[in-house]
4 protein chains.
Amino acid sequence: MPLLAPASPHVEVDAPLLDRFRAVRGHTEAFCAPLATEDYVVQSMADVSPTKWHLAHTTWFWETFVLTPYLDGYALYDERFPFLFNSYYVQAGERHCRAQRGYLSRPTVAEVKRYRAHVDVHMVRLLDGLDETAHRTLADTVEIGLHHEQQHQELMVTDLKHVFAVNPLRPAYEPQPHVPALDPGPANFVAFEAGLHEIGFAAPPDASTGARFHFDNEGPRHRVFLEAYALADRLVTNGDYLAFMEDGGYERAELWLSMGFAHALEHGWTEPFYWERRDGQWMHYTMGGLRAVDPHEPVCHLSYFEADAFARWAGARLPAEFEWEAAARTVPMAGHFVESGRLHPASVIGASGDGAPSADALSEGPALRQMYGDVWEWTSSSYGPYPGYQPVEGALGEYNGKFMCNQYVLRGGSCATSASHIRPTYRNFFPPEATWQFSGLRLAKSL
Amino acid sequence: MPLLAPASPHVEVDAPLLDRFRAVRGHTEAFCAPLATEDYVVQSMADVSPTKWHLAHTTWFWETFVLTPYLDGYALYDERFPFLFNSYYVQAGERHCRAQRGYLSRPTVAEVKRYRAHVDVHMVRLLDGLDETAHRTLADTVEIGLHHEQQHQELMVTDLKHVFAVNPLRPAYEPQPHVPALDPGPANFVAFEAGLHEIGFAAPPDASTGARFHFDNEGPRHRVFLEAYALADRLVTNGDYLAFMEDGGYERAELWLSMGFAHALEHGWTEPFYWERRDGQWMHYTMGGLRAVDPHEPVCHLSYFEADAFARWAGARLPAEFEWEAAARTVPMAGHFVESGRLHPASVIGASGDGAPSADALSEGPALRQMYGDVWEWTSSSYGPYPGYQPVEGALGEYNGKFMCNQYVLRGGSCATSASHIRPTYRNFFPPEATWQFSGLRLAKSL
Amino acid sequence: MPLLAPASPHVEVDAPLLDRFRAVRGHTEAFCAPLATEDYVVQSMADVSPTKWHLAHTTWFWETFVLTPYLDGYALYDERFPFLFNSYYVQAGERHCRAQRGYLSRPTVAEVKRYRAHVDVHMVRLLDGLDETAHRTLADTVEIGLHHEQQHQELMVTDLKHVFAVNPLRPAYEPQPHVPALDPGPANFVAFEAGLHEIGFAAPPDASTGARFHFDNEGPRHRVFLEAYALADRLVTNGDYLAFMEDGGYERAELWLSMGFAHALEHGWTEPFYWERRDGQWMHYTMGGLRAVDPHEPVCHLSYFEADAFARWAGARLPAEFEWEAAARTVPMAGHFVESGRLHPASVIGASGDGAPSADALSEGPALRQMYGDVWEWTSSSYGPYPGYQPVEGALGEYNGKFMCNQYVLRGGSCATSASHIRPTYRNFFPPEATWQFSGLRLAKSL
Amino acid sequence: MPLLAPASPHVEVDAPLLDRFRAVRGHTEAFCAPLATEDYVVQSMADVSPTKWHLAHTTWFWETFVLTPYLDGYALYDERFPFLFNSYYVQAGERHCRAQRGYLSRPTVAEVKRYRAHVDVHMVRLLDGLDETAHRTLADTVEIGLHHEQQHQELMVTDLKHVFAVNPLRPAYEPQPHVPALDPGPANFVAFEAGLHEIGFAAPPDASTGARFHFDNEGPRHRVFLEAYALADRLVTNGDYLAFMEDGGYERAELWLSMGFAHALEHGWTEPFYWERRDGQWMHYTMGGLRAVDPHEPVCHLSYFEADAFARWAGARLPAEFEWEAAARTVPMAGHFVESGRLHPASVIGASGDGAPSADALSEGPALRQMYGDVWEWTSSSYGPYPGYQPVEGALGEYNGKFMCNQYVLRGGSCATSASHIRPTYRNFFPPEATWQFSGLRLAKSL
């Protein structure tokens, strides 16, 4: 029973801008349907933003980067909102302190919704009668706005999960019974020969996936030489990870990065985030409520530190981001995305056919599975610029480039990512201690 | 135009317990009438609790200390609530982290109101048919419960003021136009001779005020010798304080306690809390909205550090709490309390006759005014136990005694205090850096 | 075998100023005799100052407050030293950050000693030929300087003890074998009737003790009414305190101030400072080295929080400082001071006759013992000004008054205090969490 | 006049182990000759270790990894020293807290020197009569030990510089007059074509440099494809950097990484570390004392954040570490190292011929200069493992690998590095906020 079924009408990536605008905006609001007013307000840690803030910030984005410059005579809905809802765009003006987003009871949820409606009306007016020339002028910024809103949709899931999980009542977003996952069996390694690869986004539409859009950090396309390597054919599961824990994984400094072990010790980490021990059993909080950890599901909410330590314990390592990208080109872009409505990673052996290969297909020998969806896969690659990297001009140039420090790249999307948002060149990034995203790993080896 | 007029029906202190229970509980809810649901949720600093939490905690108090021990067969409304809504009573069980009260979107406001209604029904049943014997058993605890809820009513005002004030939108609790206050003229000192005094609460009802209840920290009654001293006949005003500021008060270390100056420097204090400079004018946030600082109103939201520095600058000092108490015995217990509906301190020269002496009366020579209401008055006295102090038995013994460290006593009540809550022996206490309460000062001198 | 025997020639309090100056300065240096150069440099926490700094700061004090104003033509030894060696006198100019005193390898110890010698030569020249008039002008400031240097002598002991104790090698200041203390037997309470007392320093010399000097915080003399009370006739011992520990003292929140329990929990306190468990036995670091805790010696290095919790556990309380002072007036000012050379508190039942009553004397009924020396006694009194308090004029007015906040008064001196430094009216003060001083307690009760 | 001339007899990299052991150990001690005892003790921030600690830690390294396993019957000099002087080798046992190395006055400097002498005697005995077989067994570990001690020699320079610089007296290590540097003229870019490169250490001895040793993090050798790029032919100078400052470099967020701008703001950075403004002139602390900033010397003590912001301002970027390595292969390994005795970076246009090309040579067109020595050059590369990386076995495997997180690679050595310590494949690494190393930059561009 999907958590999010009615809320994500699939829209083709080559649909008209206006249709896609309506679909993306609609999904943001559909996600909120099960929420109480109070749920929109809370910021449970600095990394988390209140749902209300996400609703307003995405709206501010349209107002600031599309309506104000492109719609003649547009007046700000409220002159005080840019200060409140600018996130980190220094060139777009002063802004409210990030860690205090949860201190704002006003504007109320109803007011924020009126703000959204107001901006939507004007956006529709702008996009509706767009002639060819105007379209070319606007299209790139509108594309960024759509992908921006999709990113915040994913953050709304992970942030709200955090808000609910730290509540001793452990309320569910939508209660959902758990169906035990099928055993995926042991992982096998798929080998790749040494060679030169083209990495990064090429001219749109991308030949293999049809993707038309990319963020500036995915380019320029350039050549990378990869020594021979192998990737596991599936994600690491809870069962795999439990073996690491039972082998003293969290106590053995020699398995960890020095910074990681210190962090784990300081924060008392002895199991993955959201896990808790009740009556001798490992439980974890999911968007469907608290339930038993299923050994056959992919392990999730790992930090880079934990993923790295697990890989070392397993006699393997994390893949470099380019190893992942070169390999991902060899498989179709399918998997469990937010459209599945599960909001939780699934076993690679699915009962239904939503992207996972059938048991039959698997009997034919190892092949890469779960490269997309389920969980973001930590790579060993520090997030940095590609050779010749140029940020977008203006305030939108702050979108990606200024964060290229002390963060690590994750690839492939998760169960909270829109199918129309992901692509092989997509680079997500988080600090190595981050755990509140749907983050897991796939093992790699040098050959 | 009072902010809070309809919500505080005055109930005589000697009315039956049930009537008083109804009145106090009703006032708590009446205060919430102007709030949006979102306003109940926010915790804008660790010292502040969400309004929702206050509503639930006061209810938990009745459930824990009255219904559970005294009402046969009473079952907890929700077994998970004591963990969430116990504040600091270690002997009453484990409890949620104070600094994270704002992380709880659930239970919702509506659920908390159902919790209140449930407990009210049972409380009324218990108090209604109470015979004489049962009354004697219960009365002391119910009295504590009533005063406890009144304390939280005051905190609801100050906490919500903080929530609104840190919001860049500066929303008003209830918009209210400002009527300029009358000039009280210079302060005069009223002298008291040296002598021995009885300090602390005597047997109820208190002879001079009719008060029947006191907290354990107001006793035992004991003798204190006071050398000759004098108290100013009115509170320090904003105008007085502006003169201190203009004389470099915040930059002159020699006027300050060492710890106070360091604190002010570290936190960038250059004016009282809630004050801000706009277009060359001093404004401050009030429950009626942001408005110009009125020089004739009492200065408010001062820390002990600021009050102490001001007094030194003025060639005076803060009164000791016993000096205040001995002096307060000489005047009637009248002033601007929460019942006035202003939620803001008023000039000692009032247009109306609500406790303030008339201009005529003042012409007869200096007399103590504003000893009660308007603002809590910082005293120089560290909060400690009286000789022979004994806390109440059981978990309620944690109410006062365990906080007797590094806090300073304030006396007299404020514009957010209920008239039926205050008395000459009442000891309020806060750490010297606290500013979010309605705290001001009256000057004193040794003779 | 005393640790410090040859270094403290006793000088009568009414000896000429010059003799007393020489004796006090000499004692400072004699204390350093056993040190290695490296020992002078280390600052093991912010509260601790390096020995080298104490040597220089006390010298700066003479230079700043005596030589510069009173010796014609005196030029600073080094113009950069006032910045380095001013402690906290804002009115005496800018100063180096306290927490970084241990970052200074230069000036070297030898240079600091040259600085001392230079200042001593000029001080002797100034004091030597002093006529009556000049003497009256100078005497008060020189007295402050002498007592100031004596305070730093005590701090040199406690600071160096900390430096040695945090070193895993636990080096001794001077190795010293331990002679087991005699069992003082159970404590008895000595009762005092209610009554009015004169508290604080009177005109010098003090009638009962001959003391000629007092700090400004000991006056003005004023009247205090004390309700009937009783004091234990001896200090609390290690054995007494072990019983508290074994009864779960550190785990029972109901025994503690709220702030104290939180502090103990946060810092992992489960025994007194300097105690450590080795091979099942309680050891503690002393200036003579690490040795077994002796149950018959006074317990030491307690915080106010621990002293308060112990007293509550014992069914008693801490004395108020005025109770202590009134009682102390009834006994001679004798005890184990720094002159004993032990640098560690001793049992009330001494083998020798250095201030402790004989076993015979004790058989005559309870009498106050150990009121002076051994350990500073925590009182329940917050450190504040007496009625009519006036600080000394000028920068020396910062000596005491500006610290009157969030500190508690200790009385009676310790084994690291000079006999000529203590008096009944002497008020020492530290924050409630401080443990690195020789601080213990005596029980009190209200009658 | 060199600061360090007599102390660094050059020893050929292919000299016998014993000779090299003697030379390296001797240089460590020679560096200390100008120090006072107090200078050995101070730890002025957590990153800095006291000189005394470096002396003992390098000795512990020989004792632990060579003497104990390889010298029959060797007994520890002091059983308590491994706890004190193990730095971070978890597998070598428990160790003292890094941030508290400055709390140890004992063992004294003299005792540490005795420890060194004791270990030297045994090392010489072991290395002296070594036959071929034993040599093969030991040689790798001894090589690590030699390079380890050379690394600590460099840290002794930078750590002591910090200790002296934070001292308001700004004492010099050895006073040294400054000779103004020659103007290097504008930088030119040297272009490199796209192509495949072998990166990392090959079989020893390295064909181009004769280097025989490498750390595990320099291998395995592997292929890297580089797109066309260019490197500046000289380091960025103080003059270059002043232009950035005068153009508002520290105030313009758009030039900075987000984390870098926040760090600069939080720490009040408005100029490079060790710079200070005196009488309108920029001065900086050097090992020769405080002196005017010379516009023609390389800028130094920059963080990664500042280097990155400067490069962006200059319309360029930092080089990737592989770009640097491929380019460095094209020039001889010469420059200003510690052997020059300057302990400060020099202009690329030198008066003497110690590695810098003559003005004549420069007239022939741009060529890479200053690739080695003077300052470590920040690269844009996060410090990570090469494909197939394997740490050394045992505790020495903790030497490098476990720090591969949130650090950035620096290349080329500095004026505090031994000439025999550096090589083209050498990877130094520090967090992006580190400034106390001799760290500067060279500009790069994509073509």
# chains A, B, ... in the order shown; residues from 1 in each chain; ligands from 1
>>> closest_atom_pairs(of="chain C", to="chain D", cutoff="9 Å", atoms="only C-alpha atoms", output="tab-separated table")
residue	atom	partner	partner_atom	distance
C:Ala36	CA	D:Thr108	CA	7.5
C:Thr37	CA	D:Glu38	CA	6.9
C:Glu38	CA	D:Ser105	CA	5.0
C:Asp39	CA	D:Ser105	CA	5.0
C:Tyr40	CA	D:Ser105	CA	8.1
C:Val41	CA	D:Glu38	CA	6.6
C:Val42	CA	D:Tyr103	CA	5.7
C:Gln43	CA	D:Tyr103	CA	6.5
C:Ser44	CA	D:Tyr103	CA	5.1
C:Met45	CA	D:Tyr103	CA	8.5
C:Arg80	CA	D:Leu169	CA	7.4
C:Phe83	CA	D:Pro168	CA	8.6
C:Leu84	CA	D:Pro168	CA	7.8
C:His96	CA	D:Pro168	CA	8.2
C:Gln100	CA	D:Ser44	CA	7.9
C:Gly102	CA	D:Val42	CA	6.8
C:Tyr103	CA	D:Ser44	CA	5.1
C:Leu104	CA	D:Asn167	CA	5.8
C:Ser105	CA	D:Glu38	CA	5.0
C:Arg106	CA	D:Glu38	CA	7.3
C:Pro107	CA	D:Leu169	CA	8.3
C:Thr108	CA	D:Glu38	CA	6.4
C:Val109	CA	D:Glu38	CA	7.8
C:Val163	CA	D:Tyr103	CA	6.7
C:Phe164	CA	D:Ser105	CA	7.9
C:Val166	CA	D:Tyr103	CA	7.5
C:Asn167	CA	D:Leu104	CA	5.7
C:Pro168	CA	D:Leu84	CA	7.8
C:Leu169	CA	D:Arg80	CA	7.4
C:Pro171	CA	D:Arg106	CA	7.6
>>> select_by_dssp(residues="region 26-249 of chain B", states="strand (DSSP E or B)", output="list in words")
Phe189, Val190, Ala191, Phe192, Gly195, Leu196, His197, Glu198, Ile199, His222, Arg223, Val224, Phe225, Leu226, Tyr229, Ala230, Leu231, Ala232 and Thr237 of chain B
>>> write_last_selection(atoms="N, CA, C and O atoms", output="PDB file, in the first residue's frame")
ATOM      1  N   PHE B 189      13.233  59.314  47.581  1.00  0.00           N
ATOM      2  CA  PHE B 189      13.525  58.174  48.437  1.00  0.00           C
ATOM      3  C   PHE B 189      12.719  58.225  49.727  1.00  0.00           C
ATOM      4  O   PHE B 189      12.602  59.278  50.351  1.00  0.00           O
ATOM      5  N   VAL B 190      12.187  57.071  50.075  1.00  0.00           N
ATOM      6  CA  VAL B 190      11.412  56.929  51.311  1.00  0.00           C
ATOM      7  C   VAL B 190      12.295  56.201  52.312  1.00  0.00           C
ATOM      8  O   VAL B 190      12.799  55.107  52.018  1.00  0.00           O
ATOM      9  N   ALA B 191      12.500  56.774  53.492  1.00  0.00           N
ATOM     10  CA  ALA B 191      13.457  56.227  54.455  1.00  0.00           C
ATOM     11  C   ALA B 191      12.801  55.242  55.419  1.00  0.00           C
ATOM     12  O   ALA B 191      11.628  55.381  55.769  1.00  0.00           O
ATOM     13  N   PHE B 192      13.586  54.241  55.843  1.00  0.00           N
ATOM     14  CA  PHE B 192      13.146  53.261  56.844  1.00  0.00           C
ATOM     15  C   PHE B 192      14.222  53.156  57.915  1.00  0.00           C
ATOM     16  O   PHE B 192      15.410  53.033  57.601  1.00  0.00           O
ATOM     17  N   GLY B 195      16.106  48.287  62.310  1.00  0.00           N
ATOM     18  CA  GLY B 195      15.276  47.544  63.251  1.00  0.00           C
ATOM     19  C   GLY B 195      15.131  46.087  62.894  1.00  0.00           C
ATOM     20  O   GLY B 195      15.559  45.632  61.832  1.00  0.00           O
ATOM     21  N   LEU B 196      14.508  45.367  63.818  1.00  0.00           N
ATOM     22  CA  LEU B 196      14.319  43.931  63.645  1.00  0.00           C
ATOM     23  C   LEU B 196      12.956  43.689  62.999  1.00  0.00           C
ATOM     24  O   LEU B 196      11.966  44.305  63.385  1.00  0.00           O
ATOM     25  N   HIS B 197      12.902  42.779  62.018  1.00  0.00           N
ATOM     26  CA  HIS B 197      11.664  42.513  61.295  1.00  0.00           C
ATOM     27  C   HIS B 197      11.349  41.026  61.265  1.00  0.00           C
ATOM     28  O   HIS B 197      12.256  40.201  61.248  1.00  0.00           O
ATOM     29  N   GLU B 198      10.053  40.760  61.225  1.00  0.00           N
ATOM     30  CA  GLU B 198       9.602  39.395  60.963  1.00  0.00           C
ATOM     31  C   GLU B 198       9.466  39.254  59.452  1.00  0.00           C
ATOM     32  O   GLU B 198       8.730  40.007  58.820  1.00  0.00           O
ATOM     33  N   ILE B 199      10.163  38.298  58.901  1.00  0.00           N
ATOM     34  CA  ILE B 199      10.170  38.121  57.449  1.00  0.00           C
ATOM     35  C   ILE B 199       9.631  36.735  57.109  1.00  0.00           C
ATOM     36  O   ILE B 199       9.887  35.763  57.816  1.00  0.00           O
ATOM     37  N   HIS B 222      10.876  34.289  60.084  1.00  0.00           N
ATOM     38  CA  HIS B 222      12.040  34.423  60.962  1.00  0.00           C
ATOM     39  C   HIS B 222      12.403  35.894  61.109  1.00  0.00           C
ATOM     40  O   HIS B 222      11.896  36.746  60.380  1.00  0.00           O
ATOM     41  N   ARG B 223      13.306  36.153  62.028  1.00  0.00           N
ATOM     42  CA  ARG B 223      13.663  37.541  62.317  1.00  0.00           C
ATOM     43  C   ARG B 223      14.893  37.981  61.521  1.00  0.00           C
ATOM     44  O   ARG B 223      15.857  37.235  61.392  1.00  0.00           O
ATOM     45  N   VAL B 224      14.810  39.183  61.020  1.00  0.00           N
ATOM     46  CA  VAL B 224      15.919  39.750  60.247  1.00  0.00           C
ATOM     47  C   VAL B 224      16.145  41.173  60.737  1.00  0.00           C
ATOM     48  O   VAL B 224      15.188  41.938  60.881  1.00  0.00           O
ATOM     49  N   PHE B 225      17.402  41.512  60.992  1.00  0.00           N
ATOM     50  CA  PHE B 225      17.708  42.885  61.388  1.00  0.00           C
ATOM     51  C   PHE B 225      18.129  43.672  60.163  1.00  0.00           C
ATOM     52  O   PHE B 225      19.016  43.261  59.417  1.00  0.00           O
ATOM     53  N   LEU B 226      17.508  44.798  59.957  1.00  0.00           N
ATOM     54  CA  LEU B 226      17.854  45.647  58.814  1.00  0.00           C
ATOM     55  C   LEU B 226      18.439  46.963  59.300  1.00  0.00           C
ATOM     56  O   LEU B 226      17.826  47.655  60.119  1.00  0.00           O
ATOM     57  N   TYR B 229      17.682  52.183  55.805  1.00  0.00           N
ATOM     58  CA  TYR B 229      17.764  52.194  54.343  1.00  0.00           C
ATOM     59  C   TYR B 229      16.637  53.055  53.785  1.00  0.00           C
ATOM     60  O   TYR B 229      15.735  53.486  54.511  1.00  0.00           O
ATOM     61  N   ALA B 230      16.720  53.264  52.460  1.00  0.00           N
ATOM     62  CA  ALA B 230      15.662  54.011  51.784  1.00  0.00           C
ATOM     63  C   ALA B 230      15.365  53.361  50.438  1.00  0.00           C
ATOM     64  O   ALA B 230      16.252  52.784  49.811  1.00  0.00           O
ATOM     65  N   LEU B 231      14.112  53.463  50.039  1.00  0.00           N
ATOM     66  CA  LEU B 231      13.702  52.940  48.718  1.00  0.00           C
ATOM     67  C   LEU B 231      13.129  54.083  47.890  1.00  0.00           C
ATOM     68  O   LEU B 231      12.449  54.967  48.439  1.00  0.00           O
ATOM     69  N   ALA B 232      13.373  54.030  46.591  1.00  0.00           N
ATOM     70  CA  ALA B 232      12.759  55.008  45.699  1.00  0.00           C
ATOM     71  C   ALA B 232      11.253  54.807  45.708  1.00  0.00           C
ATOM     72  O   ALA B 232      10.761  53.676  45.855  1.00  0.00           O
ATOM     73  N   THR B 237      12.359  54.337  35.143  1.00  0.00           N
ATOM     74  CA  THR B 237      11.637  54.444  33.866  1.00  0.00           C
ATOM     75  C   THR B 237      12.584  54.274  32.670  1.00  0.00           C
ATOM     76  O   THR B 237      13.808  54.333  32.803  1.00  0.00           O
TER      77      THR B 237
END
>>> residues_around(residues="His178 (chain C)", least_positions_apart="2", cutoff="9 Å", atoms="only C-alpha atoms", output="short mmCIF file (atom, residue, chain, number, x, y, z; two decimals) with N, CA and C atoms, in the first residue's frame")
data_model
loop_
_atom_site.label_atom_id
_atom_site.label_comp_id
_atom_site.auth_asym_id
_atom_site.auth_seq_id
_atom_site.Cartn_x
_atom_site.Cartn_y
_atom_site.Cartn_z
N GLN C 176 56.61 12.80 50.13
CA GLN C 176 56.39 12.83 51.58
C GLN C 176 55.63 11.57 51.97
N PRO C 180 49.36 7.70 58.98
CA PRO C 180 47.90 7.60 59.16
C PRO C 180 47.40 8.54 60.25
N ALA C 181 46.27 9.17 59.99
CA ALA C 181 45.71 10.13 60.93
C ALA C 181 44.94 9.41 62.03
N GLY C 288 52.38 15.82 48.36
CA GLY C 288 53.42 14.85 48.66
C GLY C 288 53.40 13.65 47.74
N ARG C 291 48.61 9.13 47.18
CA ARG C 291 48.57 8.18 48.30
C ARG C 291 47.12 7.82 48.65
N ALA C 292 46.99 6.83 49.50
CA ALA C 292 45.66 6.34 49.87
C ALA C 292 44.88 7.44 50.59
#
>>> residues_around(residues="Gln390 (chain D)", least_positions_apart="6", cutoff="10 Å", atoms="only C-alpha atoms", output="list in words")
Asp216, Asn217, Gly219, Pro220, Gly397 and Gly401 of chain D
>>> residues_around(residues="Glu321 (chain C)", least_positions_apart="3", cutoff="8 Å", atoms="only C-alpha atoms", output="list in words")
Trp324, Glu325, Thr379, Ser380, Ser381, Val409, Leu410 and Arg411 of chain C
>>> write_last_selection(atoms="all heavy atoms", output="short mmCIF file (atom, residue, chain, number, x, y, z; two decimals), in the first residue's frame")
data_model
loop_
_atom_site.label_atom_id
_atom_site.label_comp_id
_atom_site.auth_asym_id
_atom_site.auth_seq_id
_atom_site.Cartn_x
_atom_site.Cartn_y
_atom_site.Cartn_z
N TRP C 324 28.88 31.23 60.89
CA TRP C 324 30.27 30.82 61.07
C TRP C 324 31.05 31.90 61.79
O TRP C 324 31.79 31.65 62.74
CB TRP C 324 30.89 30.53 59.68
CG TRP C 324 32.25 29.91 59.80
CD1 TRP C 324 32.54 28.59 59.76
CD2 TRP C 324 33.49 30.61 60.00
NE1 TRP C 324 33.89 28.41 59.93
CE2 TRP C 324 34.49 29.63 60.08
CE3 TRP C 324 33.84 31.95 60.14
CZ2 TRP C 324 35.83 29.94 60.28
CZ3 TRP C 324 35.17 32.29 60.35
CH2 TRP C 324 36.16 31.29 60.42
N GLU C 325 30.86 33.15 61.35
CA GLU C 325 31.67 34.24 61.91
C GLU C 325 31.37 34.46 63.39
O GLU C 325 32.29 34.64 64.21
CB GLU C 325 31.43 35.53 61.11
CG GLU C 325 32.30 36.68 61.60
CD GLU C 325 32.23 37.90 60.66
OE1 GLU C 325 32.08 37.70 59.44
OE2 GLU C 325 32.36 39.03 61.16
N THR C 379 30.21 27.96 52.93
CA THR C 379 28.99 28.38 53.63
C THR C 379 27.86 28.45 52.60
O THR C 379 28.09 28.42 51.39
CB THR C 379 29.15 29.77 54.28
OG1 THR C 379 29.12 30.77 53.25
CG2 THR C 379 30.46 29.86 55.06
N SER C 380 26.65 28.54 53.11
CA SER C 380 25.48 28.62 52.22
C SER C 380 25.30 30.03 51.66
O SER C 380 24.37 30.27 50.90
CB SER C 380 24.23 28.22 52.98
OG SER C 380 24.00 29.14 54.03
N SER C 381 26.20 30.95 52.02
CA SER C 381 25.97 32.36 51.69
C SER C 381 26.56 32.75 50.34
O SER C 381 27.75 32.57 50.09
CB SER C 381 26.60 33.25 52.76
OG SER C 381 26.04 32.95 54.02
N VAL C 409 30.56 32.00 49.62
CA VAL C 409 31.60 32.39 50.58
C VAL C 409 32.17 31.17 51.29
O VAL C 409 31.42 30.25 51.67
CB VAL C 409 31.02 33.38 51.62
CG1 VAL C 409 32.03 33.69 52.71
CG2 VAL C 409 30.57 34.65 50.92
N LEU C 410 33.48 31.16 51.43
CA LEU C 410 34.17 30.15 52.24
C LEU C 410 34.89 30.88 53.37
O LEU C 410 35.39 31.98 53.18
CB LEU C 410 35.18 29.37 51.41
CG LEU C 410 34.64 28.66 50.17
CD1 LEU C 410 34.92 29.46 48.92
CD2 LEU C 410 35.22 27.26 50.04
N ARG C 411 34.98 30.21 54.50
CA ARG C 411 35.55 30.86 55.67
C ARG C 411 36.65 29.99 56.30
O ARG C 411 36.66 28.77 56.17
CB ARG C 411 34.45 31.08 56.71
CG ARG C 411 33.36 32.07 56.28
CD ARG C 411 33.91 33.49 56.23
NE ARG C 411 32.84 34.48 56.16
CZ ARG C 411 32.72 35.50 57.03
NH1 ARG C 411 33.61 35.64 58.03
NH2 ARG C 411 31.73 36.37 56.90
#
>>> residues_around(residues="Arg277 (chain A)", least_positions_apart="6", cutoff="12 Å", atoms="only C-alpha atoms", output="list in words")
Thr270, Glu271, Met283, His284, Tyr285, Leu290, Arg291, Ala292 and Val293 of chain A
>>> select_by_dssp(residues="region 175-380 of chain B", states="helix (DSSP H, G or I)", output="ChimeraX atom specification")
/B:216-218,238-246,253-255,258-266,304-313,321-328,338-340,359-362
>>> residues_around(residues="Leu368 (chain B)", least_positions_apart="2", cutoff="10 Å", atoms="only C-alpha atoms", output="MDAnalysis selection string")
chainID B and resid 188:190 231:235 327:328 330:332 357 362 366 370:371
>>> closest_residue(among="A:Asp247, A:Glu132, A:Asp374, A:Glu143", to="Cys300 (chain A)", atoms="only C-alpha atoms")
A:Asp374
>>> decode(residues="region 269-274 of chain B", atoms="N, CA, C and O atoms", output="PDB file, in the first residue's frame")
ATOM      1  N   TRP B 269      25.221  43.168  23.977  1.00  0.00           N
ATOM      2  CA  TRP B 269      24.153  43.987  24.570  1.00  0.00           C
ATOM      3  C   TRP B 269      24.537  45.460  24.536  1.00  0.00           C
ATOM      4  O   TRP B 269      25.540  45.868  25.118  1.00  0.00           O
ATOM      5  N   THR B 270      23.704  46.261  23.933  1.00  0.00           N
ATOM      6  CA  THR B 270      23.911  47.711  23.991  1.00  0.00           C
ATOM      7  C   THR B 270      22.614  48.447  24.308  1.00  0.00           C
ATOM      8  O   THR B 270      22.576  49.680  24.289  1.00  0.00           O
ATOM      9  N   GLU B 271      21.589  47.692  24.605  1.00  0.00           N
ATOM     10  CA  GLU B 271      20.301  48.276  24.995  1.00  0.00           C
ATOM     11  C   GLU B 271      19.485  47.148  25.634  1.00  0.00           C
ATOM     12  O   GLU B 271      19.856  45.988  25.532  1.00  0.00           O
ATOM     13  N   PRO B 272      18.342  47.475  26.248  1.00  0.00           N
ATOM     14  CA  PRO B 272      17.544  46.420  26.871  1.00  0.00           C
ATOM     15  C   PRO B 272      17.002  45.440  25.812  1.00  0.00           C
ATOM     16  O   PRO B 272      16.853  45.776  24.631  1.00  0.00           O
ATOM     17  N   PHE B 273      16.747  44.248  26.266  1.00  0.00           N
ATOM     18  CA  PHE B 273      16.157  43.213  25.422  1.00  0.00           C
ATOM     19  C   PHE B 273      14.833  43.740  24.833  1.00  0.00           C
ATOM     20  O   PHE B 273      14.105  44.456  25.515  1.00  0.00           O
ATOM     21  N   TYR B 274      14.574  43.372  23.600  1.00  0.00           N
ATOM     22  CA  TYR B 274      13.349  43.763  22.864  1.00  0.00           C
ATOM     23  C   TYR B 274      13.435  45.185  22.304  1.00  0.00           C
ATOM     24  O   TYR B 274      12.521  45.605  21.589  1.00  0.00           O
TER      25      TYR B 274
END
